[in-house]
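Source file: target.cif (mmCIF, C-alpha atoms)
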data_protein
#
loop_
_atom_site.label_atom_id
_atom_site.label_comp_id
_atom_site.auth_asym_id
_atom_site.auth_seq_id
_atom_site.Cartn_x
_atom_site.Cartn_y
_atom_site.Cartn_z
CA MET A 8 -85.55 201.15 -175.01
CA LYS A 9 -85.43 198.38 -177.58
CA THR A 10 -87.18 195.11 -176.92
CA ASP A 11 -85.65 191.65 -177.50
CA ASN A 12 -87.74 191.37 -180.65
CA THR A 13 -86.17 194.47 -182.22
CA ILE A 14 -82.54 193.84 -181.22
CA LYS A 15 -80.55 192.48 -184.14
CA GLN A 16 -79.26 188.95 -183.46
CA TYR A 17 -75.67 187.88 -184.17
CA THR A 18 -73.74 184.70 -183.78
CA THR A 19 -70.26 184.85 -182.27
CA ALA A 20 -68.70 184.35 -185.69
CA GLN A 21 -70.68 187.30 -187.05
CA ALA A 22 -69.89 189.72 -184.23
CA PRO A 23 -67.70 192.63 -185.39
CA ASP A 24 -64.56 193.70 -183.57
CA GLY A 25 -65.28 195.24 -180.19
CA TYR A 26 -68.51 193.30 -179.69
CA TRP A 27 -69.51 190.02 -178.07
CA THR A 28 -72.73 188.05 -178.30
CA ASP A 29 -74.52 186.89 -175.18
CA ALA A 30 -76.34 183.58 -174.64
CA ARG A 31 -79.37 184.92 -176.52
CA GLY A 32 -77.21 185.90 -179.48
CA VAL A 33 -77.59 189.63 -178.73
CA LEU A 34 -74.74 191.87 -179.92
CA THR A 35 -73.05 193.49 -176.89
CA PRO A 36 -70.19 196.05 -176.80
CA VAL A 37 -67.19 194.46 -175.09
CA SER A 38 -66.98 197.54 -172.86
CA LEU A 39 -70.27 196.45 -171.28
CA VAL A 40 -69.07 192.89 -170.60
CA LYS A 41 -67.89 192.67 -167.00
CA PRO A 42 -64.27 191.57 -166.45
CA ILE A 43 -65.39 188.57 -164.41
CA ASP A 44 -67.59 187.46 -167.33
CA GLN A 45 -64.66 187.85 -169.71
CA ASP A 46 -62.40 185.82 -167.41
CA ARG A 47 -65.07 183.11 -167.09
CA ASP A 48 -65.47 182.99 -170.85
CA ALA A 49 -61.69 182.63 -171.30
CA LEU A 50 -61.45 179.84 -168.71
CA VAL A 51 -64.34 177.85 -170.14
CA GLY A 52 -63.03 178.33 -173.68
CA GLU A 53 -59.56 177.05 -172.76
CA LEU A 54 -60.92 173.99 -170.97
CA VAL A 55 -63.38 173.22 -173.77
CA GLU A 56 -60.57 173.38 -176.32
CA LEU A 57 -58.54 170.91 -174.26
CA ALA A 58 -61.59 168.65 -173.86
CA VAL A 59 -62.29 168.69 -177.61
CA ASN A 60 -58.69 167.69 -178.33
CA VAL A 61 -58.78 164.89 -175.76
CA SER A 62 -62.12 163.68 -177.12
CA ALA A 63 -60.67 163.57 -180.63
CA ALA A 64 -57.63 161.68 -179.36
CA LEU A 65 -59.86 159.13 -177.61
CA ARG A 66 -61.91 158.68 -180.78
CA ASP A 67 -58.74 158.11 -182.79
CA LEU A 68 -57.49 155.65 -180.16
CA LYS A 69 -60.74 153.69 -180.23
CA GLU A 70 -60.83 153.53 -184.02
CA ARG A 71 -57.20 152.40 -184.21
CA ALA A 72 -57.58 149.87 -181.39
CA ILE A 73 -60.66 148.29 -182.95
CA ALA A 74 -59.01 148.11 -186.37
CA ASP A 75 -55.71 146.76 -185.00
CA VAL A 76 -57.36 144.13 -182.81
CA GLN A 77 -59.47 142.91 -185.72
CA ALA A 78 -56.42 142.82 -187.99
CA PHE A 79 -54.57 140.73 -185.41
CA VAL A 80 -57.54 138.36 -185.03
CA ASP A 81 -57.65 137.93 -188.81
CA LEU A 82 -53.89 137.35 -188.93
CA SER A 83 -54.08 134.74 -186.19
CA ALA A 84 -56.94 132.96 -187.95
CA GLU A 85 -55.10 132.93 -191.25
CA LYS A 86 -52.26 130.96 -189.69
CA TYR A 87 -54.72 128.10 -189.27
CA GLY A 88 -56.41 128.56 -192.64
CA ALA A 89 -59.55 130.03 -191.11
CA LYS A 90 -61.54 133.10 -192.06
CA THR A 91 -63.22 135.05 -189.28
CA GLY A 92 -65.87 136.72 -191.44
CA GLY A 93 -65.64 140.15 -189.85
CA ALA A 94 -65.68 141.51 -186.32
CA LYS A 95 -67.75 139.15 -184.23
CA GLY A 96 -67.65 138.21 -180.58
CA ASN A 97 -65.53 139.37 -177.69
CA VAL A 98 -61.76 139.15 -177.79
CA THR A 99 -59.16 139.49 -175.02
CA LEU A 100 -55.47 139.99 -175.83
CA PHE A 101 -52.68 139.81 -173.23
CA THR A 102 -49.13 141.04 -173.22
CA TYR A 103 -46.55 138.25 -173.01
CA ASP A 104 -45.93 138.84 -169.30
CA GLY A 105 -49.66 139.11 -168.57
CA ARG A 106 -49.32 142.58 -167.08
CA PHE A 107 -51.75 144.20 -169.50
CA LYS A 108 -54.80 143.07 -171.40
CA ILE A 109 -57.09 144.62 -173.96
CA GLN A 110 -60.69 143.56 -174.43
CA ARG A 111 -62.80 144.16 -177.49
CA GLN A 112 -66.43 143.68 -176.63
CA MET A 113 -69.32 143.63 -179.08
CA ALA A 114 -72.73 144.66 -177.76
CA GLU A 115 -75.83 144.02 -179.83
CA ASN A 116 -78.54 146.66 -180.00
CA ILE A 117 -81.76 144.66 -179.56
CA LYS A 118 -85.26 145.90 -180.29
CA PHE A 119 -88.65 144.17 -180.31
CA ASP A 120 -91.03 144.13 -183.25
CA GLU A 121 -94.84 144.15 -183.16
CA ARG A 122 -94.99 140.60 -181.77
CA LEU A 123 -94.08 142.00 -178.36
CA GLN A 124 -97.57 143.51 -178.20
CA ALA A 125 -99.08 140.07 -178.79
CA ALA A 126 -96.95 138.72 -175.96
CA LYS A 127 -98.11 141.51 -173.66
CA THR A 128 -101.76 140.76 -174.49
CA LEU A 129 -101.33 137.07 -173.62
CA ILE A 130 -99.53 137.93 -170.41
CA ASP A 131 -102.29 140.35 -169.42
CA GLU A 132 -104.83 137.57 -169.94
CA CYS A 133 -102.81 135.31 -167.66
CA LEU A 134 -102.58 137.97 -164.98
CA ALA A 135 -106.32 138.59 -165.16
CA ASP A 136 -106.95 134.92 -164.38
CA TRP A 137 -104.18 134.64 -161.82
CA THR A 138 -105.15 137.66 -159.75
CA LYS A 139 -105.88 135.59 -156.67
CA ASP A 140 -103.13 133.02 -157.04
CA ALA A 141 -100.19 134.92 -158.54
CA SER A 142 -97.69 136.33 -156.07
CA PRO A 143 -97.20 140.11 -155.85
CA GLU A 144 -93.57 139.56 -156.89
CA ILE A 145 -94.63 138.17 -160.30
CA HIS A 146 -97.02 141.09 -160.83
CA ALA A 147 -94.25 143.56 -160.01
CA LEU A 148 -91.74 141.76 -162.21
CA ILE A 149 -94.06 141.79 -165.22
CA SER A 150 -95.06 145.43 -164.68
CA GLN A 151 -91.41 146.48 -164.52
CA ALA A 152 -90.54 144.43 -167.60
CA PHE A 153 -92.97 146.31 -169.81
CA SER A 154 -92.40 149.76 -168.35
CA SER A 155 -90.62 152.22 -170.63
CA ASP A 156 -88.09 154.96 -169.99
CA GLN A 157 -88.52 158.66 -170.78
CA GLU A 158 -87.74 158.01 -174.45
CA GLY A 159 -90.41 155.31 -174.63
CA ASN A 160 -87.90 152.46 -174.85
CA ILE A 161 -88.50 149.14 -173.11
CA LYS A 162 -85.65 147.55 -171.20
CA THR A 163 -84.83 144.47 -173.27
CA GLY A 164 -83.11 142.66 -170.42
CA ARG A 165 -86.19 142.80 -168.21
CA VAL A 166 -88.46 141.48 -170.95
CA LEU A 167 -86.09 138.65 -171.87
CA ALA A 168 -85.76 137.72 -168.18
CA LEU A 169 -89.45 136.75 -168.17
CA ARG A 170 -88.52 133.65 -170.17
CA ARG A 171 -86.75 132.26 -167.12
CA LEU A 172 -90.00 132.00 -165.18
CA LYS A 173 -91.29 128.43 -165.03
CA ILE A 174 -94.99 128.84 -165.84
CA ASN A 175 -96.86 126.07 -167.63
CA ASP A 176 -99.89 128.02 -168.79
CA GLU A 177 -100.18 127.61 -172.57
CA ARG A 178 -100.87 131.31 -173.03
CA TRP A 179 -97.71 132.12 -171.10
CA GLN A 180 -95.70 129.71 -173.23
CA ASN A 181 -97.07 131.31 -176.39
CA ALA A 182 -96.20 134.74 -174.99
CA MET A 183 -92.62 133.66 -174.35
CA LEU A 184 -92.41 132.30 -177.91
CA ALA A 185 -93.70 135.63 -179.24
CA ILE A 186 -91.07 137.48 -177.20
CA SER A 187 -88.27 135.26 -178.53
CA GLU A 188 -89.40 135.68 -182.13
CA SER A 189 -89.90 139.44 -181.76
CA VAL A 190 -86.22 140.05 -180.98
CA GLN A 191 -84.50 142.00 -183.74
CA VAL A 192 -80.79 142.87 -183.75
CA VAL A 193 -80.67 146.35 -185.29
CA GLY A 194 -76.97 147.03 -184.82
CA THR A 195 -73.84 146.40 -182.81
CA LYS A 196 -71.41 148.59 -180.90
CA SER A 197 -67.74 147.91 -180.29
CA TYR A 198 -66.05 148.71 -177.00
CA ILE A 199 -62.35 148.74 -176.15
CA ARG A 200 -61.27 148.32 -172.54
CA VAL A 201 -57.69 148.31 -171.28
CA TYR A 202 -56.57 146.68 -168.02
CA GLU A 203 -53.42 146.40 -165.91
CA ARG A 204 -52.77 143.53 -163.53
CA VAL A 205 -52.62 144.35 -159.84
CA GLY A 206 -49.20 143.19 -158.61
CA ASP A 207 -48.80 139.43 -158.83
CA SER A 208 -52.49 138.73 -158.35
CA ASP A 209 -55.03 137.52 -160.89
CA GLU A 210 -56.95 140.78 -160.53
CA TYR A 211 -56.95 143.40 -163.27
CA ARG A 212 -57.90 147.03 -162.82
CA PRO A 213 -59.15 149.15 -165.73
CA ILE A 214 -57.03 151.95 -167.09
CA ALA A 215 -59.49 154.84 -167.01
CA LEU A 216 -60.35 156.35 -170.38
CA ASP A 217 -63.12 158.61 -169.11
CA MET A 218 -62.92 161.66 -166.85
CA SER A 219 -65.07 160.18 -164.09
CA GLY A 220 -62.73 157.21 -163.75
CA VAL A 221 -59.41 159.08 -163.68
#
What is this structure when it is put down as structure tokens?
Amino acid sequence: MKTDNTIKQYTTAQAPDGYWTDARGVLTPVSLVKPIDQDRDALVGELVELAVNVSAALRDLKERAIADVQAFVDLSAEKYGAKTGGAKGNVTLFTYDGRFKIQRQMAENIKFDERLQAAKTLIDECLADWTKDASPEIHALISQAFSSDQEGNIKTGRVLALRRLKINDERWQNAMLAISESVQVVGTKSYIRVYERVGDSDEYRPIALDMSGV
């Protein structure tokens, strides 16, 4: 009996007629593939093909919507002799009757540079001195702010929220300054969201463009 190490490996594209490849890439005669496995393969393949087509259509829709909204914003600005200088900020466009609206939202990708470590050092010094007086809530808030996810990324919102705390210690103030100056915008993402008004109310419900929301 051959071992896995001696069995010749094939990709699906390389498999000759009358053979399939399994999940390990092992060449298998189709006569040995159970009918239920063949039916499952056919079902998954059909659904994946549909999903790929829908995904491509959504990508095309997003690209067109972003381009068309920006073109309209530029056109509107030109009527007043203004230049927008590229896609910046959030924009909401309504149909004339107000039934539908489209929102273009720009989200900045924010990272911190090395000055965040200086801020953390100053904050740790403060906590060391405040051990008796600082409330457990502040300790928990600071610990959560500098905790990272599985990819090692720090939640920017939690760190920036520390600046809202009213603490007069000079070291704390210097730490907050270091946090502010460590912020670096490394990119932006554009989002398109489409809404329909609910009856005659002022409420709008999103038109789902993802499978979980349909």
Problem - Nearest-residue call for A:Val193, choices A:Lys118, A:Lys127, A:Arg212, A:Lys162, using only C-alpha atoms - result: A:Lys118
Handout entry: Selected residue, from A:Ala63, A:Glu53, A:Arg111, A:Thr163, that lies nearest to A:Ser197 when counting only C-alpha atoms
Key = A:Arg111
Completion exercise
Taken to one decimal, the atom CA of A:Ala215-atom CA of A:Gly52 distance is 24.7 Å
Problem - Who sits within 10 Å of A:Glu177, only C-alpha atoms, same chain under 5 positions skipped, as an MDAnalysis selection string - result: chainID A and resid 129 133 182:183
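Put simply, atom CA of A:Asp46 is 19.1 Å away from atom CA of A:Gly32.
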Problem - Residues matched by the PyMOL selection byres ((chain A and resi 198) around 7), written as JSON, numbers by chain - result: {"A": [111, 112, 113, 196, 197, 199, 200]}
Would you write out those residues with C-alpha atoms, as a compact mmCIF listing (two decimals), in the frame of the given file?
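To be explicit, this is the file written out as part_31.txt:
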# COMPACT_ATOMS: atom_id res chain seq x y z
CA ARG A 111 -62.80 144.16 -177.49
CA GLN A 112 -66.43 143.68 -176.63
CA MET A 113 -69.32 143.63 -179.08
CA LYS A 196 -71.41 148.59 -180.90
CA SER A 197 -67.74 147.91 -180.29
CA ILE A 199 -62.35 148.74 -176.15
CA ARG A 200 -61.27 148.32 -172.54
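Of the residues listed (A:Ile214, A:Val201, A:Ile73, A:Ala58), A:Val201 shows the shortest atom-to-atom separation from A:Phe101; distances use all atoms listed in the file.
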Practice task
Pull out every residue that the PyMOL selection byres ((chain A and resi 165) around 9) matches in the shown coordinates and put them as a ChimeraX atom specification.
Solution key: /A:148-149,151-153,161-164,166-169
Problem - Nearest candidate to A:Ile130 (options A:Ser208, A:Ser83, A:Thr99, A:Ser150; using all atoms listed in the file) - result: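 Smallest distance to A:Ile130 is found for A:Ser150.
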Write out as JSON an axis-aligned box for stretch 148-154 of chain A: all of its atoms listed in the file, 6 Å added on each side, centre and edge lengths in Å with one decimal.
{"center_x": -92.8, "center_y": 145.8, "center_z": -166.0, "size_x": 16.5, "size_y": 20.0, "size_z": 19.6}
Handout entry: Å distance separating atom CA of A:Val33 from atom CA of A:Glu56, one decimal place
Key =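 Here the two named atoms are 23.7 Å from each other.
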Point (-54.8, 140.3, -184.5) neighbourhood (12 Å, all atoms listed in the file) written as a PDB file with C-alpha atoms, keeping the file's coordinate frame:
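Output (out_17.pdb):
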ATOM      1  CA  ALA A  72     -57.580 149.870-181.390  1.00  0.00           C
ATOM      2  CA  ILE A  73     -60.660 148.290-182.950  1.00  0.00           C
ATOM      3  CA  ALA A  74     -59.010 148.110-186.370  1.00  0.00           C
ATOM      4  CA  ASP A  75     -55.710 146.760-185.000  1.00  0.00           C
ATOM      5  CA  VAL A  76     -57.360 144.130-182.810  1.00  0.00           C
ATOM      6  CA  GLN A  77     -59.470 142.910-185.720  1.00  0.00           C
ATOM      7  CA  ALA A  78     -56.420 142.820-187.990  1.00  0.00           C
ATOM      8  CA  PHE A  79     -54.570 140.730-185.410  1.00  0.00           C
ATOM      9  CA  VAL A  80     -57.540 138.360-185.030  1.00  0.00           C
ATOM     10  CA  ASP A  81     -57.650 137.930-188.810  1.00  0.00           C
ATOM     11  CA  LEU A  82     -53.890 137.350-188.930  1.00  0.00           C
ATOM     12  CA  SER A  83     -54.080 134.740-186.190  1.00  0.00           C
ATOM     13  CA  ALA A  84     -56.940 132.960-187.950  1.00  0.00           C
ATOM     14  CA  GLU A  85     -55.100 132.930-191.250  1.00  0.00           C
ATOM     15  CA  LYS A  86     -52.260 130.960-189.690  1.00  0.00           C
ATOM     16  CA  THR A  91     -63.220 135.050-189.280  1.00  0.00           C
ATOM     17  CA  ALA A  94     -65.680 141.510-186.320  1.00  0.00           C
ATOM     18  CA  VAL A  98     -61.760 139.150-177.790  1.00  0.00           C
ATOM     19  CA  THR A  99     -59.160 139.490-175.020  1.00  0.00           C
ATOM     20  CA  LEU A 100     -55.470 139.990-175.830  1.00  0.00           C
ATOM     21  CA  PHE A 101     -52.680 139.810-173.230  1.00  0.00           C
ATOM     22  CA  ILE A 109     -57.090 144.620-173.960  1.00  0.00           C
ATOM     23  CA  ARG A 111     -62.800 144.160-177.490  1.00  0.00           C
TER      24      ARG A 111
END
Practice task
Evaluate the PyMOL selection byres ((chain A and resi 106) around 12) on the structure here and hand back the selected residues as a PyMOL selection string.
Solution key: chain A and resi 100-105+107-109+201-213
Completion exercise
Min atom-atom distance to A:Asp120 from the set A:Met218, A:Ala49, A:Val37, A:Val190, counting only C-alpha atoms, belongs to A:Val190
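Each of A:Asp131, A:His146, A:Ser219, A:Ala125 was compared to A:Leu184 using all atoms listed in the file, and A:Ala125 turns out to be the nearest.
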